[in-house]
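Trainee: Below is the file model_14.csv, with CSV, C-alpha atoms.
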chain,number,residue,atom,x,y,z
A,14,TYR,CA,86.2,90.3,114.3
A,15,ALA,CA,83.0,92.1,113.3
A,16,LYS,CA,80.8,89.2,114.4
A,17,GLU,CA,82.5,89.1,117.8
A,18,VAL,CA,82.0,92.9,118.3
A,19,SER,CA,78.3,92.4,117.5
A,20,THR,CA,78.1,89.5,120.1
A,21,LEU,CA,80.0,91.4,122.8
A,22,GLY,CA,77.6,94.4,122.2
A,23,GLY,CA,74.6,92.3,123.1
A,24,ASN,CA,73.8,92.1,119.4
A,25,LYS,CA,72.7,95.8,119.5
A,26,TYR,CA,74.8,96.2,116.3
A,27,SER,CA,74.2,94.4,113.0
A,28,ILE,CA,77.7,94.6,111.6
A,29,ASN,CA,78.4,94.0,107.9
A,30,ALA,CA,82.1,93.8,107.2
A,31,ILE,CA,83.3,95.1,103.9
A,32,VAL,CA,86.8,94.7,102.4
A,33,PHE,CA,87.7,97.6,100.0
A,34,ASP,CA,90.0,96.9,97.1
A,35,ASN,CA,91.1,100.5,96.8
A,36,ILE,CA,91.0,103.9,98.5
A,37,ALA,CA,88.5,105.4,96.0
A,38,SER,CA,85.8,102.8,96.9
A,39,LEU,CA,86.3,103.5,100.6
A,40,VAL,CA,86.0,107.2,100.1
A,41,ASP,CA,82.9,106.8,98.0
A,42,ALA,CA,81.3,104.6,100.8
A,43,VAL,CA,82.1,107.2,103.5
A,44,ARG,CA,80.7,110.0,101.4
A,45,HIS,CA,77.5,108.1,100.8
A,46,GLY,CA,77.0,107.2,104.4
A,47,THR,CA,77.1,103.5,103.9
A,48,ILE,CA,79.8,102.8,106.5
A,49,GLN,CA,80.3,104.1,110.0
A,50,LEU,CA,83.5,102.4,111.2
A,51,VAL,CA,86.7,102.0,109.2
A,52,VAL,CA,89.9,100.1,110.0
A,53,LEU,CA,92.8,101.2,107.8
A,54,PRO,CA,96.5,101.7,107.6
A,55,THR,CA,97.7,105.0,109.1
A,56,LEU,CA,99.4,106.0,105.9
A,57,ASP,CA,96.1,105.5,104.1
A,58,TYR,CA,94.3,107.6,106.7
A,59,PHE,CA,96.5,110.6,106.0
A,60,ASN,CA,95.5,110.3,102.3
A,61,VAL,CA,91.8,109.6,102.9
A,62,LYS,CA,91.2,112.4,105.5
A,63,THR,CA,91.7,115.0,102.8
A,64,LEU,CA,89.0,113.3,100.6
A,65,CYS,CA,86.3,112.5,103.1
A,66,ALA,CA,85.3,113.0,106.8
A,67,LEU,CA,86.9,110.5,109.2
A,68,GLU,CA,88.0,110.8,112.8
A,69,PRO,CA,90.4,108.5,114.6
A,70,ALA,CA,88.6,106.7,117.5
A,71,ALA,CA,90.8,103.8,118.6
A,72,ILE,CA,94.0,101.8,118.0
A,73,ALA,CA,95.1,98.2,118.6
A,74,THR,CA,98.3,97.8,120.7
A,75,GLY,CA,100.9,95.1,121.4
A,76,ARG,CA,101.6,93.8,124.8
A,77,ASP,CA,104.1,96.5,125.7
A,78,ALA,CA,103.2,99.5,123.7
A,79,TYR,CA,101.4,100.9,120.7
A,80,GLY,CA,102.9,100.9,117.2
A,81,ASP,CA,106.0,99.1,116.0
A,82,GLU,CA,109.7,99.8,116.0
A,83,TYR,CA,111.5,98.9,112.8
A,84,VAL,CA,115.0,97.7,112.6
A,85,LEU,CA,117.6,97.7,109.8
A,86,LEU,CA,119.4,94.3,110.0
A,87,VAL,CA,122.7,93.0,108.6
A,88,HIS,CA,124.8,89.9,109.2
A,89,GLN,CA,127.4,90.0,111.9
A,90,ALA,CA,130.0,88.9,109.4
A,91,SER,CA,129.2,91.8,107.2
A,92,ALA,CA,131.4,94.8,107.2
A,93,MET,CA,128.3,97.1,107.0
A,94,ALA,CA,127.9,99.2,110.1
A,95,THR,CA,126.4,102.5,108.9
A,96,LEU,CA,123.7,103.6,106.4
A,97,GLN,CA,126.4,104.7,104.0
A,98,ASP,CA,127.6,101.1,103.8
A,99,LEU,CA,124.4,100.2,102.0
A,100,LYS,CA,125.6,101.8,98.8
A,101,GLY,CA,124.9,99.4,96.0
A,102,LYS,CA,123.6,96.8,98.5
A,103,THR,CA,120.2,94.9,98.5
A,104,VAL,CA,117.7,95.5,101.2
A,105,CYS,CA,114.7,93.2,101.7
A,106,MET,CA,111.4,94.9,102.6
A,107,LEU,CA,107.8,93.8,102.8
A,108,SER,CA,105.7,94.5,99.7
A,109,ASN,CA,102.6,95.5,101.6
A,110,ALA,CA,101.4,98.6,103.6
A,111,ARG,CA,103.7,97.9,106.4
A,112,GLY,CA,106.5,97.7,103.9
A,113,GLU,CA,105.6,101.2,102.8
A,114,ILE,CA,106.3,102.5,106.3
A,115,MET,CA,109.7,100.7,106.2
A,116,ARG,CA,110.5,102.3,102.8
A,117,ARG,CA,109.5,105.8,104.0
A,118,TRP,CA,111.5,105.4,107.2
A,119,MET,CA,114.6,104.2,105.3
A,120,GLU,CA,114.4,107.1,102.9
A,121,ALA,CA,114.0,109.6,105.7
A,122,GLU,CA,117.0,108.2,107.5
A,123,TRP,CA,119.1,108.3,104.3
A,124,LEU,CA,118.2,111.9,103.5
A,125,ARG,CA,118.6,113.0,107.1
A,126,ALA,CA,122.2,111.6,107.0
A,127,LYS,CA,122.7,113.7,103.9
A,128,LEU,CA,123.8,110.7,101.8
A,129,PRO,CA,123.9,110.9,98.0
A,130,THR,CA,120.8,109.9,96.1
A,131,THR,CA,122.2,109.2,92.6
A,132,PRO,CA,121.3,105.7,91.4
A,133,ASP,CA,124.9,104.4,91.7
A,134,LYS,CA,125.1,105.4,95.4
A,135,LEU,CA,121.7,104.1,96.5
A,136,TYR,CA,120.6,100.8,97.9
A,137,THR,CA,118.3,98.4,95.9
A,138,LEU,CA,115.0,97.3,97.3
A,139,LYS,CA,113.9,93.6,97.1
A,140,ALA,CA,110.3,92.9,97.9
A,141,VAL,CA,109.2,89.9,100.1
A,142,THR,CA,105.8,88.9,101.3
A,143,LYS,CA,106.8,87.8,104.9
A,144,GLU,CA,109.1,89.3,107.5
A,145,SER,CA,110.5,85.9,108.2
A,146,GLN,CA,111.7,85.7,104.6
A,147,ALA,CA,113.6,89.0,104.9
A,148,VAL,CA,115.3,87.9,108.2
A,149,MET,CA,116.3,84.5,106.8
A,150,ALA,CA,117.6,86.1,103.6
A,151,VAL,CA,120.1,88.1,105.6
A,152,PHE,CA,120.8,85.2,107.9
A,153,PHE,CA,121.8,82.9,104.9
A,154,ARG,CA,123.6,85.8,103.2
A,155,GLN,CA,121.1,86.0,100.3
A,156,SER,CA,120.5,89.6,101.0
A,157,ASP,CA,122.8,92.3,102.4
A,158,ALA,CA,120.2,93.8,104.7
A,159,CYS,CA,116.5,93.9,105.6
A,160,THR,CA,114.0,96.0,107.6
A,161,VAL,CA,111.6,94.2,109.8
A,162,THR,CA,109.6,95.0,113.0
A,163,LYS,CA,111.7,94.5,116.2
A,164,SER,CA,108.9,92.3,117.6
A,165,CYS,CA,109.3,89.9,114.6
A,166,LEU,CA,113.1,89.7,115.2
A,167,GLN,CA,112.6,89.1,118.9
A,168,THR,CA,110.0,86.3,118.2
A,169,MET,CA,112.2,84.6,115.6
A,170,ALA,CA,115.3,84.9,117.9
A,171,GLU,CA,113.5,83.2,120.7
A,172,LEU,CA,112.8,80.2,118.5
A,173,ASN,CA,116.3,80.3,116.9
A,174,PRO,CA,118.9,81.9,119.3
A,175,GLN,CA,121.5,81.7,116.5
A,176,LEU,CA,119.7,84.6,114.8
A,177,LYS,CA,120.5,86.8,117.7
A,178,ARG,CA,124.1,85.8,117.5
A,179,ASP,CA,124.5,86.2,113.8
A,180,LEU,CA,122.5,89.3,113.0
A,181,LYS,CA,123.1,92.9,114.2
A,182,ILE,CA,120.9,96.0,114.2
A,183,VAL,CA,122.3,99.0,112.4
A,184,ARG,CA,119.3,101.4,112.9
A,185,THR,CA,116.1,101.4,114.9
A,186,SER,CA,113.0,103.6,114.1
A,187,PRO,CA,110.8,105.4,116.5
A,188,ARG,CA,107.5,103.8,117.3
A,189,LEU,CA,105.3,104.0,114.2
A,190,LEU,CA,101.5,103.2,114.3
A,191,TYR,CA,100.5,100.9,111.5
A,192,SER,CA,96.6,101.2,111.6
A,193,LEU,CA,93.7,103.1,113.1
A,194,PHE,CA,90.0,102.5,113.9
A,195,CYS,CA,88.1,105.6,112.5
A,196,VAL,CA,84.4,106.6,112.7
A,197,VAL,CA,82.4,109.1,110.6
A,198,PRO,CA,82.0,112.4,112.5
A,199,ASP,CA,78.2,112.5,112.2
A,200,MET,CA,77.8,109.0,113.9
A,201,ASP,CA,75.1,109.1,116.6
A,202,ALA,CA,76.9,109.9,119.9
A,203,ALA,CA,75.3,107.1,121.9
A,204,ASP,CA,76.0,104.5,119.1
A,205,LYS,CA,79.6,105.7,119.0
A,206,ALA,CA,80.1,105.5,122.7
A,207,GLY,CA,78.6,102.0,122.8
A,208,LEU,CA,80.6,100.7,119.9
A,209,MET,CA,83.8,102.1,121.3
A,210,GLU,CA,83.1,100.5,124.7
A,211,THR,CA,82.6,97.2,122.9
A,212,ILE,CA,85.7,97.4,120.8
A,213,THR,CA,88.0,98.5,123.6
A,214,GLY,CA,86.6,95.6,125.7
A,215,MET,CA,87.6,92.8,123.3
A,216,ASP,CA,90.3,91.6,125.6
A,217,ARG,CA,87.8,90.9,128.4
A,218,SER,CA,86.3,87.9,126.6
A,219,SER,CA,88.0,84.6,125.6
A,220,ALA,CA,86.7,84.9,122.0
A,221,GLY,CA,87.9,88.5,121.9
A,222,ARG,CA,91.3,87.6,123.2
A,223,HIS,CA,91.6,84.8,120.7
A,224,ILE,CA,90.8,87.2,117.8
A,225,LEU,CA,93.4,89.7,119.1
A,226,THR,CA,96.0,87.0,119.4
A,227,MET,CA,95.4,86.0,115.8
A,228,PHE,CA,96.4,89.5,114.8
A,229,GLN,CA,99.3,89.5,117.4
A,230,LEU,CA,97.6,92.2,119.4
A,231,HIS,CA,97.0,92.7,123.1
A,232,ARG,CA,94.0,95.1,123.3
A,233,VAL,CA,92.2,98.0,121.7
A,234,VAL,CA,92.5,101.5,123.4
A,235,THR,CA,90.9,104.9,122.8
A,236,PHE,CA,92.8,107.1,120.4
A,237,GLN,CA,95.1,109.8,121.5
A,238,PRO,CA,96.7,112.3,119.1
A,239,ASP,CA,100.2,111.4,120.3
A,240,PHE,CA,99.7,107.9,118.9
A,241,ILE,CA,100.2,109.2,115.3
A,242,SER,CA,102.7,112.0,116.0
A,243,THR,CA,105.7,110.0,114.7
A,244,MET,CA,103.8,108.9,111.6
A,245,LEU,CA,102.7,112.4,110.9
A,246,ALA,CA,106.3,113.5,111.1
A,247,LEU,CA,107.3,110.6,108.8
A,248,VAL,CA,104.8,111.5,106.0
A,249,LYS,CA,106.1,115.1,106.0
A,250,GLU,CA,109.7,113.9,105.3
A,251,PRO,CA,111.0,114.3,101.7
A,252,ARG,CA,111.2,111.3,99.5
A,253,ILE,CA,114.0,109.9,97.3
A,254,ALA,CA,113.0,110.4,93.7
A,255,GLN,CA,115.3,107.7,92.3
A,256,LEU,CA,113.7,105.1,94.6
A,257,GLN,CA,110.2,106.1,93.5
A,258,LYS,CA,111.2,105.7,89.9
A,259,ARG,CA,112.6,102.3,90.6
A,260,LYS,CA,109.3,101.2,92.2
A,261,ARG,CA,107.3,102.3,89.2
Starting from the file, lay out its structure as structure tokens.
Mentor:
Amino acid sequence: YAKEVSTLGGNKYSINAIVFDNIASLVDAVRHGTIQLVVLPTLDYFNVKTLCALEPAAIATGRDAYGDEYVLLVHQASAMATLQDLKGKTVCMLSNARGEIMRRWMEAEWLRAKLPTTPDKLYTLKAVTKESQAVMAVFFRQSDACTVTKSCLQTMAELNPQLKRDLKIVRTSPRLLYSLFCVVPDMDAADKAGLMETITGMDRSSAGRHILTMFQLHRVVTFQPDFISTMLALVKEPRIAQLQKRKR
């Protein structure tokens, strides 16, 4: 991706891509001025922005809209139809940063519904590495429920129509933005404008479109504050202490 940005920019930029293993290393690099552009999960941005200076500059979108809707799925043959029916049940969720959004959304929904949070009245989380694993676990009745992106469910249902017949959606989240492109505030204005023009033009080249397709994205657009309003609301929601203890 970085090489393509450099090429599209007429090689005006010599881009060195760095993968950080942890937030502390990223914060240290920003503070020392060794990086100018950062791509990171939105949840991490809310943590990082209190530790170093970063400003959102762009986001990547799907074909229809920005962000993802998440769905809570159960089997059609299951008697579960409400959140309360998840008491003592197993819910599959991703173990990565996207899974953290799912966990926070589920906790917020549970607390908003004023459901009890004692261990014997909660659901149990089961971590998986792929959304397809979560969907198929519910389909084959190996898990009571799962949370996945609606786009994943739609794609899988197109390939296997039986999934659409045998699975039902219990709950759907608002659109939640997974990641952001951020820049350092003191970046040269001309450099920033040129870089943003290049990044947001990725869909205008065949190589750029190929890279976006690899990430199941459509294009990159300039950031607007409304893009993270639902995520900001989510991070302000209270958490379920019992679930946090289970995770540790």
Trainee: Applying 8 Å and all atoms listed in the file, which residues near A:Thr137 remain after dropping the ones on its own chain fewer than 4 positions away? List them as an MDAnalysis selection string.
Mentor: chainID A and resid 101:104
Trainee: Which residue out of A:Val234, A:Val51, A:Leu172, A:Leu56 has the minimum interatomic distance to A:Phe33 when only C-alpha atoms are used?
Mentor: A:Val51
Trainee: Skip A:Ile212 itself and residues of its chain fewer than 6 positions away, then list as a ChimeraX atom specification all residues within 9 Å of it, counting all atoms listed in the file.
Mentor: /A:18,21-22,71,232-234
Trainee: Restrict the selected residues to C-alpha atoms and save them as a PDB file, in the frame of the given file.
Mentor:
ATOM      1  CA  VAL A  18      82.000  92.900 118.300  1.00  0.00           C
ATOM      2  CA  LEU A  21      80.000  91.400 122.800  1.00  0.00           C
ATOM      3  CA  GLY A  22      77.600  94.400 122.200  1.00  0.00           C
ATOM      4  CA  ALA A  71      90.800 103.800 118.600  1.00  0.00           C
ATOM      5  CA  ARG A 232      94.000  95.100 123.300  1.00  0.00           C
ATOM      6  CA  VAL A 233      92.200  98.000 121.700  1.00  0.00           C
ATOM      7  CA  VAL A 234      92.500 101.500 123.400  1.00  0.00           C
TER       8      VAL A 234
END
Trainee: Return the single residue from A:Val84, A:Ala140, A:Leu124, A:Ile182 that is closest to A:Asn109, with distances computed using all atoms listed in the file.
Mentor: A:Ala140
Trainee: Select, counting all atoms listed in the file, all protein, DNA and RNA residues no farther than 6 Å from (85.3, 93.6, 110.0) in file coordinates, and express the selection as a VMD selection string.
Mentor: chain A and resid 14 to 15 30
Trainee: Kindly give the distance, in Å, that separates atom CA of A:Tyr191 and atom CA of A:Arg154, rounded to a single decimal.
Mentor: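 A separation of 28.8 Å between them.
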Trainee: List as an NGL selection string the protein and nucleic acid residues near A:Asn29, meaning an atom at most 10 Å away when all atoms listed in the file are counted, but skip any in the same chain fewer than 2 places from it.
Mentor: :A and (15-16 or 19 or 26-27 or 31 or 48)
Trainee: Rounded to one decimal place, report the atom CA of A:Met244-atom CA of A:Arg222 distance in Å.
Mentor: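 If I compute the distance from atom CA of A:Met244 to atom CA of A:Arg222, I get 27.3 Å.
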Trainee: Could you jot down the atom CA of A:Thr213 to atom CA of A:Pro187 separation for me, Å, one decimal place?
Mentor: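 That distance, rounded to one decimal, is 24.9 Å.
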Trainee: Please check which residues have atoms at most 12 Å from (123.3, 106.9, 98.3) in the file's coordinates, counting only C-alpha atoms, and write them as a PDB file with C-alpha atoms, in the coordinates of the input.
Mentor:
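Saved result, result.pdb, follows:
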ATOM      1  CA  THR A  95     126.400 102.500 108.900  1.00  0.00           C
ATOM      2  CA  LEU A  96     123.700 103.600 106.400  1.00  0.00           C
ATOM      3  CA  GLN A  97     126.400 104.700 104.000  1.00  0.00           C
ATOM      4  CA  ASP A  98     127.600 101.100 103.800  1.00  0.00           C
ATOM      5  CA  LEU A  99     124.400 100.200 102.000  1.00  0.00           C
ATOM      6  CA  LYS A 100     125.600 101.800  98.800  1.00  0.00           C
ATOM      7  CA  GLY A 101     124.900  99.400  96.000  1.00  0.00           C
ATOM      8  CA  LYS A 102     123.600  96.800  98.500  1.00  0.00           C
ATOM      9  CA  MET A 119     114.600 104.200 105.300  1.00  0.00           C
ATOM     10  CA  GLU A 120     114.400 107.100 102.900  1.00  0.00           C
ATOM     11  CA  GLU A 122     117.000 108.200 107.500  1.00  0.00           C
ATOM     12  CA  TRP A 123     119.100 108.300 104.300  1.00  0.00           C
ATOM     13  CA  LEU A 124     118.200 111.900 103.500  1.00  0.00           C
ATOM     14  CA  ARG A 125     118.600 113.000 107.100  1.00  0.00           C
ATOM     15  CA  ALA A 126     122.200 111.600 107.000  1.00  0.00           C
ATOM     16  CA  LYS A 127     122.700 113.700 103.900  1.00  0.00           C
ATOM     17  CA  LEU A 128     123.800 110.700 101.800  1.00  0.00           C
ATOM     18  CA  PRO A 129     123.900 110.900  98.000  1.00  0.00           C
ATOM     19  CA  THR A 130     120.800 109.900  96.100  1.00  0.00           C
ATOM     20  CA  THR A 131     122.200 109.200  92.600  1.00  0.00           C
ATOM     21  CA  PRO A 132     121.300 105.700  91.400  1.00  0.00           C
ATOM     22  CA  ASP A 133     124.900 104.400  91.700  1.00  0.00           C
ATOM     23  CA  LYS A 134     125.100 105.400  95.400  1.00  0.00           C
ATOM     24  CA  LEU A 135     121.700 104.100  96.500  1.00  0.00           C
ATOM     25  CA  TYR A 136     120.600 100.800  97.900  1.00  0.00           C
ATOM     26  CA  THR A 137     118.300  98.400  95.900  1.00  0.00           C
ATOM     27  CA  ILE A 253     114.000 109.900  97.300  1.00  0.00           C
ATOM     28  CA  ALA A 254     113.000 110.400  93.700  1.00  0.00           C
ATOM     29  CA  GLN A 255     115.300 107.700  92.300  1.00  0.00           C
ATOM     30  CA  LEU A 256     113.700 105.100  94.600  1.00  0.00           C
TER      31      LEU A 256
END
Trainee: Show me, as an MDAnalysis selection string, the residues that have an atom within 9 Å of A:Arg117 when counting only C-alpha atoms, minus same-chain residues fewer than 4 positions from it.
Mentor: chainID A and resid 112:113 121:122 247:248 250:252
